[in-house]
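Participant: Below are the structure tokens for one structure; questions will follow.
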Protein chains: 2
Amino acid sequence: MAPIKVGIIGLGATGPALGPGAWAVAAHLASFVPSPNYDIVAVCNSSAESAQRSIDYHKLPATTKAYGKPEDIAADPNVDLVVVSVIVTSHHKVAKPVLLAKKQLFVEWPLAASLKQAEELAQLAREANVRTIVGTQFRADPAVQKVKELVDGGAIGRVTSTQVQYSPSLGPPDMWMDSARYYLDFKSGGNEFHISFGHLMDSFLYVLGDFDQVKASLSKQYPVMKLFDLSNGQVTNPGVPRTAPDHIFVQGVLESGAIASINYHRPGTLLGKNFRWLISGTEGEIEFTLDGHLQIGHSEREIRIKTVHEPSEVRVVEWKRETPKHVESVPFPGQNTAFVWEAFASGGEGVADFEDGLRLHRLLDRIAREAGSPYAEYVEEM
Amino acid sequence: MAPIKVGIIGLGATGPALGPGAWAVAAHLASFVPSPNYDIVAVCNSSAESAQRSIDYHKLPATTKAYGKPEDIAADPNVDLVVVSVIVTSHHKVAKPVLLAKKQLFVEWPLAASLKQAEELAQLAREANVRTIVGTQFRADPAVQKVKELVDGGAIGRVTSTQVQYSPSLGPPDMWMDSARYYLDFKSGGNEFHISFGHLMDSFLYVLGDFDQVKASLSKQYPVMKLFDLSNGQVTNPGVPRTAPDHIFVQGVLESGAIASINYHRPGTLLGKNFRWLISGTEGEIEFTLDGHLQIGHSEREIRIKTVHEPSEVRVVEWKRETPKHVESVPFPGQNTAFVWEAFASGGEGVADFEDGLRLHRLLDRIAREAGSPYAEYVEEM
């Protein structure tokens, strides 16, 4: 099969570090370059000159087109698929022309800065009848795939309850990068609730399905943050109020009838693993732990299972699978994105589309409304 | 100081096994007999003859009085303190005459079969101006005492969040003893929610205080139970519906401002410890784990702490303390009750009184109402 011809919106002229344009480098460029399934044929930035700088910096082929407007890369007949990797507040504006041009489309998670925007993008994708991808790459992780396979295969019988504890390692809970100040703002749609917790919930929905009844308590334990300059570590502002929660406790009953609890807390757990997901059933229990940052970090994963038929034995489940070298060789934090691209090329499991993204947006809005003031009001305003 | 003269209501002529009258043997008799602080001077059962059989069976002094009515043991001028260890549905009826006689009073947890009954007992105790005890003995456990000491002493700074996971080892989740059928009934006031979860919540309130906002999801994952005869293990009824929940997920914001989650799930955890309590603060984190049944089982306890000042070091906290031989020698499941009696005699920490019991009843009612139908309706009817 001929490689899929990719146009990227938001590829910085930078190494795979933090900062604007860097995620596209660390995740997408790192996935596409070694893959036989993809060719990068175009780059679009805020100007054609900036796009050309990225093409040069990354030594992409001289034939790679440089664009300065989403409409232009969308209109390029040589582009099969557009990758949107820009700040969430621009997703809707940048993605819309691509869908109007009926191109296949990848958009980072969150799909959009509000449910309303996400609904419009999903509707446009339906009308365009194109394959879409939303960048919740944790579900493509082989360990998540294995957990889903165990649950779906009935390894623990009927699921009766599930409990998730996650404490992401995002540095000191009262400090944040000045350059990503929007992350402290609930209404930006790109903050701890929508991004970090959202990534977790995508895999939760993927493995166990949606909520029938949901309850939630959101809290700001660090309501005033210190901002710092990422380049030198200097504090640039000693006291900026945040509106996005740093603690997210959710519980309820799933459509399956199982009872569920998801607790997101800060700071990163000092004791035990950063992430622990317990799934209990009539025939046994699965424990999935991870040490590190959930969706992007290099992390040690472990799946353990114990069943009522082998009550004295805890079995460590093998989750690694045979992976093409061009995926295996992609370094963290890009590897799970490489799994997404591999799955997309082969039509396999582990790819979230815009309908999945929409379902996740709806659940997040529902959680915020259920948590009450002021989060319910923010949602109304978004 | 002269020993406190005790009258026991509900001491069976039995060894320290399961079944009616056996808890008083395993916990109270086992605590009082070796203690220099208490003398058993009277026993009251459903008849004076039954009380005399218990006195003879346990070889209590010949001077021990045998009674057949709570009013009679309450009226005995030689009795300083009455211990009520009977089924919860009888607590109110049995305890009331004792309070009217202005005797010091111990009542097992739950204090009564409904909040209304508990309120009346607490009011009578206030009017009688007597010392009271409610039998939530887990708070007297030296490990719980140590956790409270660490939190109160600021070892982890301001508490930001707490998460409890408890899965009691009560045997197969779909089987129960025919002789304790009331345990499946929410409205008996003596079931998994009120007893097993209640004991846990007493220590939670003791260490971290009450809830400001509370949310709850209750669920019956095993709505139909098999009853069995404890004497021979035979199934006596293959399908009895239960109204008491077997899964209790609670979350909310505490009066302190910390955010909290408590998950009670069945069956007993197959993976990890039965009980894990994480308390996170601005300066560190405490993890308290226990393997076994929380309030009555023999259990391995461990307290670990890590602080931001010693980020690389997890410290196991010593919680054992010097204990008089007459307490140390009491075997499980009675030892925590022995700690209660020791603390009561010395006026120390670890004793819950009727006001504590009332607060716990109120929280349980609040949780049930918040969980909605049918639990909210049951509470109205109780």
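Simple scheme: letters A, B, ... for chains in structure tokens order, numbers from 1 for residues in each chain, numbers from 1 for ligands in the order shown.
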For chain B, work out the contacting residues on chain A at 7 Å, counting only C-alpha atoms, and write them as JSON, numbers by chain.
Facilitator: {"A": [160, 215, 217, 219, 221, 252, 259, 270, 271, 285, 306]}
Participant: Those same residues, written as a PDB file, in the first residue's frame with N, CA and C atoms?
Facilitator:
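Result saved to part33.pdb:
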ATOM      1  N   THR A 160     -17.794  -5.884  38.579  1.00  0.00           N
ATOM      2  CA  THR A 160     -18.657  -5.387  39.656  1.00  0.00           C
ATOM      3  C   THR A 160     -18.262  -3.980  40.097  1.00  0.00           C
ATOM      4  N   LYS A 215     -21.327  11.282  39.668  1.00  0.00           N
ATOM      5  CA  LYS A 215     -21.225  12.332  40.680  1.00  0.00           C
ATOM      6  C   LYS A 215     -19.779  12.811  40.705  1.00  0.00           C
ATOM      7  N   SER A 217     -16.759  15.648  42.644  1.00  0.00           N
ATOM      8  CA  SER A 217     -16.297  16.725  43.513  1.00  0.00           C
ATOM      9  C   SER A 217     -14.988  17.249  42.921  1.00  0.00           C
ATOM     10  N   SER A 219     -11.945  20.240  43.193  1.00  0.00           N
ATOM     11  CA  SER A 219     -11.374  21.074  44.250  1.00  0.00           C
ATOM     12  C   SER A 219     -10.072  21.706  43.791  1.00  0.00           C
ATOM     13  N   GLN A 221      -6.877  22.716  45.590  1.00  0.00           N
ATOM     14  CA  GLN A 221      -6.104  22.711  46.829  1.00  0.00           C
ATOM     15  C   GLN A 221      -4.951  23.702  46.745  1.00  0.00           C
ATOM     16  N   GLY A 252     -19.654   6.851  40.383  1.00  0.00           N
ATOM     17  CA  GLY A 252     -20.974   6.621  39.836  1.00  0.00           C
ATOM     18  C   GLY A 252     -21.175   5.193  39.413  1.00  0.00           C
ATOM     19  N   ILE A 259     -20.004  -0.352  39.612  1.00  0.00           N
ATOM     20  CA  ILE A 259     -19.829   0.915  40.340  1.00  0.00           C
ATOM     21  C   ILE A 259     -18.378   1.353  40.193  1.00  0.00           C
ATOM     22  N   LEU A 270       3.652  10.288  46.420  1.00  0.00           N
ATOM     23  CA  LEU A 270       4.976  10.058  46.988  1.00  0.00           C
ATOM     24  C   LEU A 270       5.144   8.594  47.358  1.00  0.00           C
ATOM     25  N   LEU A 271       4.016   7.947  47.658  1.00  0.00           N
ATOM     26  CA  LEU A 271       4.038   6.549  48.086  1.00  0.00           C
ATOM     27  C   LEU A 271       3.311   5.706  47.062  1.00  0.00           C
ATOM     28  N   GLU A 285      -9.839 -10.284  39.799  1.00  0.00           N
ATOM     29  CA  GLU A 285      -9.496  -8.870  39.897  1.00  0.00           C
ATOM     30  C   GLU A 285      -8.238  -8.594  39.072  1.00  0.00           C
ATOM     31  N   LYS A 306      -5.646 -11.865  39.539  1.00  0.00           N
ATOM     32  CA  LYS A 306      -5.874 -12.993  40.428  1.00  0.00           C
ATOM     33  C   LYS A 306      -7.321 -13.408  40.225  1.00  0.00           C
TER      34      LYS A 306
END
Participant: Among the residues of range 1-176 of chain A, find those DSSP assigns to strand (DSSP E or B) from the backbone and print them as an NGL selection string.
Facilitator: :A and (4-9 or 38-44 or 65-67 or 81-84 or 104-108 or 132-135 or 159-166 or 175-176)
Participant: Could you take the residues named above and write them with N, CA and C atoms, as a compact mmCIF listing (two decimals), in the first residue's frame?
Facilitator:
# COMPACT_ATOMS: atom_id res chain seq x y z
N ILE A 4 0.58 6.97 3.29
CA ILE A 4 -0.40 8.04 3.46
C ILE A 4 0.36 9.37 3.44
N LYS A 5 -0.11 10.31 2.61
CA LYS A 5 0.60 11.59 2.47
C LYS A 5 0.05 12.60 3.49
N VAL A 6 0.95 13.01 4.39
CA VAL A 6 0.57 13.78 5.58
C VAL A 6 0.96 15.25 5.46
N GLY A 7 0.04 16.12 5.86
CA GLY A 7 0.34 17.52 6.08
C GLY A 7 0.22 17.84 7.56
N ILE A 8 1.25 18.48 8.13
CA ILE A 8 1.22 18.77 9.57
C ILE A 8 1.01 20.26 9.81
N ILE A 9 0.04 20.58 10.67
CA ILE A 9 -0.14 21.96 11.10
C ILE A 9 0.40 22.09 12.52
N TYR A 38 3.78 6.30 6.16
CA TYR A 38 3.48 7.73 6.06
C TYR A 38 4.61 8.49 5.39
N ASP A 39 4.23 9.49 4.61
CA ASP A 39 5.19 10.46 4.08
C ASP A 39 4.70 11.86 4.43
N ILE A 40 5.58 12.67 4.96
CA ILE A 40 5.21 14.06 5.23
C ILE A 40 5.41 14.85 3.94
N VAL A 41 4.33 15.45 3.44
CA VAL A 41 4.43 16.15 2.15
C VAL A 41 4.18 17.65 2.29
N ALA A 42 3.67 18.08 3.48
CA ALA A 42 3.40 19.52 3.66
C ALA A 42 3.43 19.90 5.12
N VAL A 43 3.82 21.17 5.36
CA VAL A 43 3.82 21.72 6.73
C VAL A 43 3.14 23.08 6.68
N CYS A 44 2.29 23.32 7.68
CA CYS A 44 1.62 24.62 7.76
C CYS A 44 1.84 25.22 9.14
N LYS A 65 5.87 20.92 0.87
CA LYS A 65 5.26 22.22 0.69
C LYS A 65 5.16 22.97 2.02
N ALA A 66 5.34 24.31 1.94
CA ALA A 66 5.23 25.17 3.14
C ALA A 66 4.01 26.07 2.98
N TYR A 67 3.12 26.04 3.98
CA TYR A 67 1.90 26.85 3.93
C TYR A 67 1.78 27.73 5.16
N LEU A 81 -4.06 13.41 4.48
CA LEU A 81 -4.40 13.45 5.90
C LEU A 81 -3.72 14.66 6.54
N VAL A 82 -4.47 15.43 7.32
CA VAL A 82 -3.89 16.58 8.00
C VAL A 82 -3.80 16.31 9.50
N VAL A 83 -2.67 16.67 10.07
CA VAL A 83 -2.44 16.54 11.51
C VAL A 83 -2.47 17.93 12.14
N VAL A 84 -3.39 18.13 13.08
CA VAL A 84 -3.49 19.42 13.76
C VAL A 84 -2.89 19.29 15.15
N GLN A 104 -8.89 13.53 5.52
CA GLN A 104 -8.74 12.80 6.78
C GLN A 104 -8.02 13.72 7.77
N LEU A 105 -8.39 13.57 9.05
CA LEU A 105 -7.94 14.60 10.00
C LEU A 105 -7.61 14.01 11.37
N PHE A 106 -6.44 14.39 11.84
CA PHE A 106 -6.04 14.11 13.23
C PHE A 106 -6.07 15.42 13.99
N VAL A 107 -6.71 15.44 15.18
CA VAL A 107 -6.64 16.60 16.06
C VAL A 107 -6.23 16.12 17.44
N GLU A 108 -5.28 16.84 18.05
CA GLU A 108 -4.87 16.50 19.41
C GLU A 108 -6.05 16.58 20.36
N THR A 132 -11.35 10.05 11.01
CA THR A 132 -10.80 11.06 11.93
C THR A 132 -10.06 10.37 13.08
N ILE A 133 -9.22 11.11 13.72
CA ILE A 133 -8.47 10.62 14.88
C ILE A 133 -8.40 11.74 15.90
N VAL A 134 -8.61 11.40 17.14
CA VAL A 134 -8.37 12.37 18.20
C VAL A 134 -7.20 11.84 19.04
N GLY A 135 -6.34 12.75 19.48
CA GLY A 135 -5.04 12.35 20.04
C GLY A 135 -5.04 11.90 21.49
N VAL A 159 -17.90 -7.50 35.53
CA VAL A 159 -17.23 -6.45 36.28
C VAL A 159 -18.20 -5.88 37.31
N THR A 160 -17.79 -5.88 38.58
CA THR A 160 -18.66 -5.39 39.66
C THR A 160 -18.26 -3.98 40.10
N SER A 161 -16.97 -3.69 40.08
CA SER A 161 -16.54 -2.35 40.50
C SER A 161 -15.19 -2.03 39.90
N THR A 162 -14.88 -0.74 39.88
CA THR A 162 -13.56 -0.33 39.41
C THR A 162 -13.14 0.94 40.15
N GLN A 163 -11.85 1.02 40.41
CA GLN A 163 -11.32 2.16 41.15
C GLN A 163 -10.01 2.59 40.49
N VAL A 164 -9.93 3.87 40.17
CA VAL A 164 -8.71 4.42 39.57
C VAL A 164 -8.15 5.49 40.51
N GLN A 165 -6.87 5.42 40.74
CA GLN A 165 -6.18 6.49 41.47
C GLN A 165 -5.05 6.98 40.57
N TYR A 166 -5.06 8.27 40.31
CA TYR A 166 -4.03 8.82 39.43
C TYR A 166 -3.50 10.12 40.02
N MET A 175 3.31 25.34 41.25
CA MET A 175 4.12 26.05 40.25
C MET A 175 3.69 25.64 38.84
N TRP A 176 3.78 26.57 37.91
CA TRP A 176 3.45 26.24 36.53
C TRP A 176 4.21 27.14 35.57
Participant: Excluding same-chain residues fewer than 3 positions from range 137-154 of chain B, what lies within 6 Å of it counting only C-alpha atoms, as JSON, numbers by chain?
Facilitator: {"B": [157, 203, 207, 295, 319, 336, 337, 339, 340, 350]}
Participant: With only C-alpha atoms as the counted atoms, please give the residues lying no more than 9 Å from Glu127 in chain A, apart from itself and same-chain residues fewer than 4 positions off, as a PDB file with N, CA and C atoms, in the first residue's frame.
Facilitator:
ATOM      1  N   LEU A  99     -11.822  19.840   7.282  1.00  0.00           N
ATOM      2  CA  LEU A  99     -13.017  19.007   7.109  1.00  0.00           C
ATOM      3  C   LEU A  99     -13.839  19.483   5.913  1.00  0.00           C
ATOM      4  N   LEU A 100     -13.879  20.788   5.725  1.00  0.00           N
ATOM      5  CA  LEU A 100     -14.619  21.318   4.575  1.00  0.00           C
ATOM      6  C   LEU A 100     -13.962  20.853   3.268  1.00  0.00           C
ATOM      7  N   LYS A 102     -12.716  17.981   3.036  1.00  0.00           N
ATOM      8  CA  LYS A 102     -12.931  16.517   3.076  1.00  0.00           C
ATOM      9  C   LYS A 102     -11.617  15.728   3.117  1.00  0.00           C
ATOM     10  N   ALA A 122     -17.365  17.323  14.881  1.00  0.00           N
ATOM     11  CA  ALA A 122     -17.837  15.949  14.664  1.00  0.00           C
ATOM     12  C   ALA A 122     -18.907  15.913  13.579  1.00  0.00           C
ATOM     13  N   GLN A 123     -19.772  16.913  13.587  1.00  0.00           N
ATOM     14  CA  GLN A 123     -20.833  16.988  12.569  1.00  0.00           C
ATOM     15  C   GLN A 123     -20.227  17.185  11.171  1.00  0.00           C
TER      16      GLN A 123
END
Participant: What does the structure give for the distance between CA of Ala345 in chain A and CA of Pro3 in chain A, in Å to one decimal?
Facilitator: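 Value for the CA of Ala345 in chain A-CA of Pro3 in chain A distance: 8.9 Å.
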Participant: How far is it from CA of Asp56 in chain A to CA of Ser85 in chain A, in Å with one decimal?
Facilitator: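 Those two atoms sit 18.8 Å apart.
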Participant: Which polymer residues have any atom within 8 Å of an atom of His361 in chain A, counting only C-alpha atoms, with same-chain residues fewer than 6 positions away left out, as a ChimeraX atom specification?
Facilitator: /A:110,114-115,118
Participant: Expressed in Å to a single decimal, how great is the separation between CA of Leu360 in chain A and CA of Phe197 in chain A?
Facilitator: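 Answer for the CA of Leu360 in chain A to CA of Phe197 in chain A separation: 10.7 Å.
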Participant: Within 9 Å of Glu342 in chain B, counting only C-alpha atoms, which residues qualify if same-chain residues fewer than 5 places away don't, as a short mmCIF file (atom, residue, chain, number, x, y, z; two decimals) with N, CA and C atoms, in the first residue's frame?
Facilitator:
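File out07.cif, as written:
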data_model
loop_
_atom_site.label_atom_id
_atom_site.label_comp_id
_atom_site.auth_asym_id
_atom_site.auth_seq_id
_atom_site.Cartn_x
_atom_site.Cartn_y
_atom_site.Cartn_z
N SER B 31 -11.49 -9.01 77.82
CA SER B 31 -10.82 -7.77 78.26
C SER B 31 -10.91 -7.59 79.77
N SER B 35 -8.03 -7.75 83.49
CA SER B 35 -7.77 -6.34 83.81
C SER B 35 -7.93 -6.06 85.30
N ASN B 37 -8.63 -3.20 86.30
CA ASN B 37 -9.50 -2.03 86.36
C ASN B 37 -10.98 -2.35 86.39
N PRO B 324 0.06 -2.47 78.75
CA PRO B 324 0.03 -3.38 79.90
C PRO B 324 -0.22 -4.82 79.44
N VAL B 327 -3.64 -6.09 78.56
CA VAL B 327 -4.22 -5.69 77.27
C VAL B 327 -3.55 -6.48 76.14
N THR B 337 -10.95 -3.95 71.58
CA THR B 337 -11.91 -3.65 72.66
C THR B 337 -11.16 -3.50 73.98
N GLY B 347 -9.09 7.41 81.21
CA GLY B 347 -9.59 8.70 80.69
C GLY B 347 -8.89 9.19 79.45
N GLY B 348 -8.19 8.28 78.74
CA GLY B 348 -7.37 8.69 77.60
C GLY B 348 -8.08 8.70 76.26
#
Participant: Run DSSP on the backbone and tell me which residues of range 26-262 of chain A come out as helix (DSSP H, G or I); list them as JSON, numbers by chain.
Facilitator: {"A": [26, 27, 28, 29, 30, 31, 32, 48, 49, 50, 51, 52, 53, 54, 55, 56, 57, 70, 71, 72, 73, 74, 75, 88, 89, 90, 91, 92, 93, 94, 95, 96, 97, 98, 99, 100, 115, 116, 117, 118, 119, 120, 121, 122, 123, 124, 125, 126, 127, 128, 137, 138, 139, 140, 142, 143, 144, 145, 146, 147, 148, 149, 150, 151, 152, 178, 179, 180, 181, 182, 183, 184, 186, 187, 188, 192, 193, 194, 195, 196, 197, 198, 199, 200, 201, 202, 203, 204, 205, 206, 207, 208]}
Participant: For the selection you just gave me, I'd like the residues written to a file as a CSV table (one decimal), in the first residue's frame, keeping C-alpha atoms.
Facilitator:
chain,number,residue,atom,x,y,z
A,26,ALA,CA,8.3,14.6,19.7
A,27,ALA,CA,5.2,12.6,18.8
A,28,HIS,CA,4.3,12.9,15.1
A,29,LEU,CA,7.6,13.7,13.3
A,30,ALA,CA,9.2,10.9,15.4
A,31,SER,CA,6.4,8.5,14.4
A,32,PHE,CA,6.2,9.4,10.7
A,48,ALA,CA,4.7,30.0,5.1
A,49,GLU,CA,8.2,31.3,6.1
A,50,SER,CA,7.8,29.7,9.5
A,51,ALA,CA,6.7,26.4,7.9
A,52,GLN,CA,9.7,26.5,5.6
A,53,ARG,CA,12.0,27.0,8.6
A,54,SER,CA,10.6,23.8,10.2
A,55,ILE,CA,11.0,21.9,6.9
A,56,ASP,CA,14.6,23.0,6.8
A,57,TYR,CA,15.3,22.5,10.5
A,70,PRO,CA,-5.0,25.9,7.2
A,71,GLU,CA,-7.1,26.5,4.1
A,72,ASP,CA,-4.0,26.2,1.9
A,73,ILE,CA,-2.7,22.9,3.3
A,74,ALA,CA,-6.3,21.5,3.2
A,75,ALA,CA,-6.6,22.4,-0.4
A,88,VAL,CA,-6.5,23.7,21.9
A,89,THR,CA,-8.0,27.2,21.7
A,90,SER,CA,-7.2,27.1,17.9
A,91,HIS,CA,-8.3,23.6,17.2
A,92,HIS,CA,-11.8,24.5,15.9
A,93,LYS,CA,-10.6,27.3,13.7
A,94,VAL,CA,-7.7,25.3,12.2
A,95,ALA,CA,-9.6,21.9,11.8
A,96,LYS,CA,-12.7,23.3,10.2
A,97,PRO,CA,-11.2,24.1,6.8
A,98,VAL,CA,-9.6,20.7,6.7
A,99,LEU,CA,-13.0,19.0,7.1
A,100,LEU,CA,-14.6,21.3,4.6
A,115,LEU,CA,-18.3,20.8,23.7
A,116,LYS,CA,-20.1,23.1,21.3
A,117,GLN,CA,-17.0,23.4,19.1
A,118,ALA,CA,-16.4,19.7,19.3
A,119,GLU,CA,-20.0,18.9,18.2
A,120,GLU,CA,-19.5,21.1,15.2
A,121,LEU,CA,-16.3,19.4,14.2
A,122,ALA,CA,-17.8,15.9,14.7
A,123,GLN,CA,-20.8,17.0,12.6
A,124,LEU,CA,-18.6,18.3,9.8
A,125,ALA,CA,-16.6,15.0,9.9
A,126,ARG,CA,-19.8,13.0,9.5
A,127,GLU,CA,-20.8,15.2,6.6
A,128,ALA,CA,-17.4,14.9,5.0
A,137,GLN,CA,-3.0,8.0,22.6
A,138,PHE,CA,-3.0,6.2,25.9
A,139,ARG,CA,-5.7,3.8,24.7
A,140,ALA,CA,-3.2,2.7,22.0
A,142,PRO,CA,-0.2,-2.1,24.5
A,143,ALA,CA,-0.8,-2.4,28.3
A,144,VAL,CA,-4.2,-0.7,27.9
A,145,GLN,CA,-5.0,-2.9,24.9
A,146,LYS,CA,-4.2,-5.9,27.1
A,147,VAL,CA,-6.4,-4.7,30.0
A,148,LYS,CA,-9.3,-4.3,27.5
A,149,GLU,CA,-8.7,-7.7,26.0
A,150,LEU,CA,-8.8,-9.3,29.5
A,151,VAL,CA,-12.0,-7.5,30.5
A,152,ASP,CA,-13.7,-8.2,27.2
A,178,ASP,CA,4.4,31.0,32.4
A,179,SER,CA,4.3,30.1,28.7
A,180,ALA,CA,1.3,27.8,29.3
A,181,ARG,CA,-0.7,30.0,31.5
A,182,TYR,CA,-3.9,29.0,29.8
A,183,TYR,CA,-3.5,25.6,31.6
A,184,LEU,CA,-4.6,27.3,34.9
A,186,PHE,CA,-10.9,26.3,33.3
A,187,LYS,CA,-12.5,28.1,30.4
A,188,SER,CA,-9.5,27.6,28.1
A,192,GLU,CA,-5.6,19.8,34.1
A,193,PHE,CA,-9.2,18.8,34.0
A,194,HIS,CA,-9.6,18.7,30.2
A,195,ILE,CA,-6.1,17.5,29.3
A,196,SER,CA,-4.5,15.4,32.0
A,197,PHE,CA,-7.8,14.0,33.5
A,198,GLY,CA,-9.3,13.8,30.0
A,199,HIS,CA,-6.6,11.5,28.7
A,200,LEU,CA,-7.2,9.2,31.6
A,201,MET,CA,-11.0,9.1,31.1
A,202,ASP,CA,-10.7,8.3,27.4
A,203,SER,CA,-9.0,5.0,28.3
A,204,PHE,CA,-11.5,4.4,31.0
A,205,LEU,CA,-14.5,4.8,28.6
A,206,TYR,CA,-12.6,2.7,26.1
A,207,VAL,CA,-12.2,-0.2,28.5
A,208,LEU,CA,-15.3,0.0,30.7
